[in-house]
Every structure is written in structure tokens, then in C-alpha cells.
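J.: I'd like to ask some things about the structure below.
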Amino acid sequence: KKVVARINDYDLTVADFRSEAVALKDNKNLSSDPNKAKEQLLQDIIRKKLFIQEAQKLNFDKQKYFMSEIERYWEQALLKLLFIKKTEELYRSIDVSPAEIEEQYNKMKKRFYAQIIILDDKFAAEMFSQPGENFDRLKNNFRNNIINSKGPAWFSASELPANMENVLYLLKAGQVSVPIQYSGNWAVIRLIKQEDVALEPLDKVSDRIRHSLLEAKKSQALEKWMEEVRDSAKVKIHKKVFEEINL
């Protein structure tokens, strides 16, 4: 560990200098002369270390605010490293087959005019799924259970969550889906009509479809992993304490 400079009681090693110089180079206009640039970086690092030492003399590094800032940075750095490593690991095994591209292409050939209702109760959602039921009357009867009512609106491929889209493509005009689990609630879809969409030949859009499917698979894999981490953890929330918190 060769020492470049001794700054009071601190030894600036070659490794430390290289590491700090890399960080400073991006934020500083340096001389085109390599030796002068290196000297500039050294002087900047020395000044920074001296200022840090002055802050330490005043015990700023022992104050609660400072420790909180360090903890926040530490958490962010850990999360960044975790997600970089995990995404690399997950994405390594992800690919898109020609059959998947063709299936998506066929889906893109249609679009659907449908109404989607999100409810907080499965029984209420099942009532909407009964054949021949009047949607408007049910909306009024179960208005207290309706969280969101989307549409009627046009929906194309990849615009809905995968489980909802898969159900939508199985419906015929006038049919209503069975209840579909959605973010802890229940969704029902009523298909009003569908129409064909003109597309370029498959070989013209194949790469674009592959990229879109690949990104969707990556997002799903990461989301699944995050859910697995949460589901496998032992978490106990003290509701009484939580309810007493005012923001």
C-alpha cells in the first residue's frame, strides 16, 4: 500500500488516489496535460481530506443527522448492488421463442371494446359474471363494492395485466368473464365487441415484438422474485402502534 501523500494523520494510498480521482474526473475541467491534470486531482483530494478533518474536529461525524445520512446512503448502495446482481441472474435465463413472437403477433391483430370493473368482494364479482345479468343494475346494487370501473374502452395487446388479457382473448362479444384476481381485489370484464387490426408482415415487426416480450418477461421475473422475498419473510405489524402515527 504505497502512500501518495500524508495529510496530517491520514495516509492517502495509491489505491485511494485512483478511486477518488476517477470520481472527480467526471465533475471537473482538467488540463489536457496528463501530469498537470494529475496534480490538479491530487490537490483537490488533499483539500477535501483537510475539510473532512476539520468537520471531524467539530464532531459533525458523530451527530445523529450525519449518521442518518450515512445510513440512507448505505441502504441505497446496498439496494443498488442487490438489484444489479439479481437482475443479471434472472435475465440470464430469459429468452423469447419464435412461437411466442407469432402468438403475440396474432394477438396484436385484434383489439377489444370492453368494460372492466374492479370490486373488493368476490361474491359481488361473481354476481356480475352470471349470464344475462344487467350490468347497470348490478353496478348500482354493488356500488359500495366497486373500487374502479374502467370503460367501456378499447384495449389492445399488452395493455392489460397478463392474467386479465388472457381471459379477455377467450371471451366472445356479450360475454362476461369469471372473477379475476387483481391486486388483492376482483375484476370482471364484459366484452362488447372486437375488431381486426391491420399490421405489417410478421418479419417486419418480429424484432420489435421480441424486444417488447423480453422486457415484459424481465419485469415479471423481477416482480415474482420481489413477491417471493416478501412472502418468505416473517413480518409482524403492530397495528395499534401504526394507527397512532400521524404524518
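Chain labels follow the order of the C-alpha cells: the first chain is A, the next B, and so on; residue numbering restarts at 1 in every chain, and ligands are counted from 1 in their shown order.
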Find the residues of region 87-149 of chain A that sit at most 10 Å from region 179-189 of chain A; for each, write down the nearest two atoms and how far apart they are in Å, to one decimal. Count only C-alpha atoms. Sort by chain, then by number going up, and give it as a Markdown table.
T.:
```
| residue | atom | partner | partner_atom | distance |
| --- | --- | --- | --- | --- |
| A:Ala114 | CA | A:Ile189 | CA | 6.7 |
| A:Gln115 | CA | A:Ile189 | CA | 5.7 |
| A:Ile116 | CA | A:Ile189 | CA | 4.6 |
| A:Ile117 | CA | A:Val188 | CA | 5.5 |
| A:Ile118 | CA | A:Ala187 | CA | 4.4 |
| A:Leu119 | CA | A:Trp186 | CA | 5.2 |
| A:Asp120 | CA | A:Asn185 | CA | 4.9 |
| A:Asp121 | CA | A:Trp186 | CA | 6.7 |
| A:Lys122 | CA | A:Trp186 | CA | 6.1 |
| A:Phe123 | CA | A:Pro179 | CA | 9.0 |
| A:Ala124 | CA | A:Trp186 | CA | 8.9 |
| A:Ala125 | CA | A:Pro179 | CA | 5.6 |
| A:Glu126 | CA | A:Pro179 | CA | 6.1 |
| A:Met127 | CA | A:Pro179 | CA | 9.3 |
| A:Phe128 | CA | A:Val188 | CA | 7.1 |
| A:Ser129 | CA | A:Val188 | CA | 7.1 |
| A:Ile146 | CA | A:Trp186 | CA | 9.6 |
| A:Ile147 | CA | A:Asn185 | CA | 8.7 |
| A:Asn148 | CA | A:Ala187 | CA | 9.3 |
| A:Ser149 | CA | A:Ala187 | CA | 9.5 |
```
J.: Next, write the just-selected residues to a file, as an mmCIF file, in the first residue's frame, keeping N, CA and C atoms as the atom set.
T.:
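For reference, out36.cif as written:
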```
data_model
loop_
_atom_site.group_PDB
_atom_site.id
_atom_site.type_symbol
_atom_site.label_atom_id
_atom_site.label_comp_id
_atom_site.auth_asym_id
_atom_site.auth_seq_id
_atom_site.Cartn_x
_atom_site.Cartn_y
_atom_site.Cartn_z
ATOM 1 N N ALA A 114 -64.236 -3.160 -24.376
ATOM 2 C CA ALA A 114 -64.687 -3.893 -23.193
ATOM 3 C C ALA A 114 -64.837 -2.974 -21.997
ATOM 4 N N GLN A 115 -65.584 -3.458 -21.026
ATOM 5 C CA GLN A 115 -65.766 -2.751 -19.765
ATOM 6 C C GLN A 115 -65.161 -3.593 -18.645
ATOM 7 N N ILE A 116 -64.362 -2.959 -17.803
ATOM 8 C CA ILE A 116 -63.710 -3.659 -16.695
ATOM 9 C C ILE A 116 -64.152 -3.030 -15.376
ATOM 10 N N ILE A 117 -64.551 -3.881 -14.449
ATOM 11 C CA ILE A 117 -64.970 -3.401 -13.122
ATOM 12 C C ILE A 117 -64.127 -4.105 -12.063
ATOM 13 N N ILE A 118 -63.571 -3.331 -11.146
ATOM 14 C CA ILE A 118 -62.771 -3.863 -10.046
ATOM 15 C C ILE A 118 -63.598 -3.777 -8.769
ATOM 16 N N LEU A 119 -63.746 -4.914 -8.085
ATOM 17 C CA LEU A 119 -64.548 -4.965 -6.861
ATOM 18 C C LEU A 119 -63.726 -5.517 -5.705
ATOM 19 N N ASP A 120 -64.153 -5.167 -4.487
ATOM 20 C CA ASP A 120 -63.420 -5.625 -3.305
ATOM 21 C C ASP A 120 -63.994 -6.903 -2.712
ATOM 22 N N ASP A 121 -65.007 -7.486 -3.376
ATOM 23 C CA ASP A 121 -65.685 -8.656 -2.832
ATOM 24 C C ASP A 121 -65.891 -9.703 -3.928
ATOM 25 N N LYS A 122 -65.473 -10.948 -3.662
ATOM 26 C CA LYS A 122 -65.580 -11.998 -4.678
ATOM 27 C C LYS A 122 -67.032 -12.328 -5.001
ATOM 28 N N PHE A 123 -67.895 -12.375 -3.979
ATOM 29 C CA PHE A 123 -69.308 -12.684 -4.231
ATOM 30 C C PHE A 123 -69.927 -11.658 -5.175
ATOM 31 N N ALA A 124 -69.628 -10.382 -4.929
ATOM 32 C CA ALA A 124 -70.153 -9.329 -5.808
ATOM 33 C C ALA A 124 -69.648 -9.526 -7.230
ATOM 34 N N ALA A 125 -68.367 -9.875 -7.373
ATOM 35 C CA ALA A 125 -67.792 -10.100 -8.705
ATOM 36 C C ALA A 125 -68.472 -11.282 -9.391
ATOM 37 N N GLU A 126 -68.792 -12.323 -8.607
ATOM 38 C CA GLU A 126 -69.469 -13.496 -9.183
ATOM 39 C C GLU A 126 -70.862 -13.146 -9.696
ATOM 40 N N MET A 127 -71.522 -12.210 -9.037
ATOM 41 C CA MET A 127 -72.849 -11.789 -9.495
ATOM 42 C C MET A 127 -72.780 -11.148 -10.870
ATOM 43 N N PHE A 128 -71.717 -10.377 -11.123
ATOM 44 C CA PHE A 128 -71.552 -9.759 -12.442
ATOM 45 C C PHE A 128 -71.296 -10.809 -13.521
ATOM 46 N N SER A 129 -70.746 -11.949 -13.113
ATOM 47 C CA SER A 129 -70.394 -12.990 -14.083
ATOM 48 C C SER A 129 -71.569 -13.862 -14.491
ATOM 49 N N ILE A 146 -67.594 -1.477 -5.530
ATOM 50 C CA ILE A 146 -66.834 -1.137 -6.737
ATOM 51 C C ILE A 146 -65.698 -0.178 -6.389
ATOM 52 N N ILE A 147 -64.477 -0.613 -6.686
ATOM 53 C CA ILE A 147 -63.300 0.217 -6.447
ATOM 54 C C ILE A 147 -63.001 1.071 -7.667
ATOM 55 N N ASN A 148 -63.172 0.476 -8.824
ATOM 56 C CA ASN A 148 -62.884 1.194 -10.059
ATOM 57 C C ASN A 148 -63.703 0.591 -11.183
ATOM 58 N N SER A 149 -64.182 1.441 -12.055
ATOM 59 C CA SER A 149 -64.936 0.984 -13.216
ATOM 60 C C SER A 149 -64.310 1.576 -14.467
#
```
J.: Which value, in Å to one decimal, gives the distance between CA of Gln63 (chain A) and CA of Glu75 (chain A)?
T.: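 These atoms are spaced 18.6 Å apart.
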J.: Give me, as JSON, numbers by chain, the residues of region 16-176 of chain A that a backbone DSSP run labels helix (DSSP H, G or I).
T.: {"A": [16, 17, 18, 19, 20, 21, 22, 23, 24, 25, 34, 35, 36, 37, 38, 39, 40, 41, 42, 43, 44, 45, 46, 47, 48, 49, 50, 51, 52, 53, 54, 55, 56, 57, 60, 61, 62, 64, 65, 66, 67, 68, 69, 70, 71, 72, 73, 74, 75, 76, 77, 78, 79, 80, 81, 82, 83, 84, 85, 86, 87, 88, 89, 90, 91, 98, 99, 100, 101, 102, 103, 104, 105, 106, 107, 108, 122, 123, 124, 125, 126, 127, 128, 135, 136, 137, 138, 139, 140, 141, 162, 163, 164, 165, 166, 167, 168]}
J.: What lies within 9 Å of Val14 (chain A) using only C-alpha atoms, ignoring chain neighbours under 4 positions off, as a list in words?
T.: Lys1, Lys2, Val3, Val4, Ala5, Arg18 and Ser19 of chain A
J.: Could you pull out the strand (DSSP E or B) residues of region 83-118 of chain A, going by DSSP on the backbone, and write them as a PyMOL selection string?
T.: chain A and resi 110-118
J.: How about saving the chosen residues, all heavy atoms kept, as a short mmCIF file (atom, residue, chain, number, x, y, z; two decimals), in the first residue's frame?
T.:
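Wrote it out as selection.cif, contents follow:
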```cif
data_model
loop_
_atom_site.label_atom_id
_atom_site.label_comp_id
_atom_site.auth_asym_id
_atom_site.auth_seq_id
_atom_site.Cartn_x
_atom_site.Cartn_y
_atom_site.Cartn_z
N LYS A 110 -55.93 -8.11 -33.17
CA LYS A 110 -57.27 -7.80 -32.68
C LYS A 110 -57.21 -6.75 -31.58
O LYS A 110 -56.23 -6.64 -30.86
CB LYS A 110 -57.95 -9.06 -32.15
CG LYS A 110 -58.18 -10.14 -33.20
CD LYS A 110 -58.95 -11.31 -32.60
CE LYS A 110 -59.16 -12.40 -33.65
NZ LYS A 110 -60.02 -11.92 -34.77
N ARG A 111 -58.28 -6.01 -31.47
CA ARG A 111 -58.46 -5.12 -30.32
C ARG A 111 -59.89 -5.25 -29.84
O ARG A 111 -60.79 -5.63 -30.61
CB ARG A 111 -58.09 -3.68 -30.64
CG ARG A 111 -58.98 -2.97 -31.62
CD ARG A 111 -58.56 -1.51 -31.70
NE ARG A 111 -59.53 -0.71 -32.46
CZ ARG A 111 -59.74 0.57 -32.27
NH1 ARG A 111 -59.07 1.22 -31.33
NH2 ARG A 111 -60.63 1.23 -32.99
N PHE A 112 -60.10 -4.93 -28.56
CA PHE A 112 -61.38 -5.25 -27.92
C PHE A 112 -61.99 -4.01 -27.26
O PHE A 112 -61.28 -3.24 -26.62
CB PHE A 112 -61.16 -6.32 -26.85
CG PHE A 112 -60.57 -7.59 -27.39
CD1 PHE A 112 -59.20 -7.75 -27.51
CD2 PHE A 112 -61.39 -8.63 -27.78
CE1 PHE A 112 -58.65 -8.91 -28.00
CE2 PHE A 112 -60.86 -9.81 -28.27
CZ PHE A 112 -59.48 -9.95 -28.39
N TYR A 113 -63.28 -3.88 -27.45
CA TYR A 113 -64.03 -2.82 -26.78
C TYR A 113 -64.71 -3.48 -25.58
O TYR A 113 -65.61 -4.32 -25.73
CB TYR A 113 -65.06 -2.22 -27.72
CG TYR A 113 -65.69 -0.94 -27.22
CD1 TYR A 113 -64.92 0.20 -27.01
CD2 TYR A 113 -67.06 -0.87 -26.95
CE1 TYR A 113 -65.49 1.38 -26.56
CE2 TYR A 113 -67.63 0.32 -26.51
CZ TYR A 113 -66.84 1.44 -26.31
OH TYR A 113 -67.41 2.60 -25.87
N ALA A 114 -64.24 -3.16 -24.38
CA ALA A 114 -64.69 -3.89 -23.19
C ALA A 114 -64.84 -2.97 -22.00
O ALA A 114 -64.29 -1.87 -21.95
CB ALA A 114 -63.69 -5.00 -22.87
N GLN A 115 -65.58 -3.46 -21.03
CA GLN A 115 -65.77 -2.75 -19.77
C GLN A 115 -65.16 -3.59 -18.65
O GLN A 115 -65.40 -4.80 -18.57
CB GLN A 115 -67.26 -2.52 -19.49
CG GLN A 115 -67.53 -1.72 -18.23
CD GLN A 115 -69.01 -1.40 -18.06
OE1 GLN A 115 -69.86 -2.00 -18.72
NE2 GLN A 115 -69.31 -0.45 -17.20
N ILE A 116 -64.36 -2.96 -17.80
CA ILE A 116 -63.71 -3.66 -16.70
C ILE A 116 -64.15 -3.03 -15.38
O ILE A 116 -64.11 -1.81 -15.23
CB ILE A 116 -62.18 -3.59 -16.81
CG1 ILE A 116 -61.72 -4.22 -18.13
CG2 ILE A 116 -61.52 -4.29 -15.63
CD1 ILE A 116 -60.24 -4.06 -18.40
N ILE A 117 -64.55 -3.88 -14.45
CA ILE A 117 -64.97 -3.40 -13.12
C ILE A 117 -64.13 -4.11 -12.06
O ILE A 117 -63.98 -5.33 -12.09
CB ILE A 117 -66.47 -3.66 -12.87
CG1 ILE A 117 -67.31 -2.86 -13.88
CG2 ILE A 117 -66.86 -3.27 -11.45
CD1 ILE A 117 -68.79 -3.08 -13.74
N ILE A 118 -63.57 -3.33 -11.15
CA ILE A 118 -62.77 -3.86 -10.05
C ILE A 118 -63.60 -3.78 -8.77
O ILE A 118 -64.10 -2.71 -8.43
CB ILE A 118 -61.45 -3.08 -9.85
CG1 ILE A 118 -60.74 -2.85 -11.19
CG2 ILE A 118 -60.55 -3.78 -8.85
CD1 ILE A 118 -60.26 -4.09 -11.87
#
```
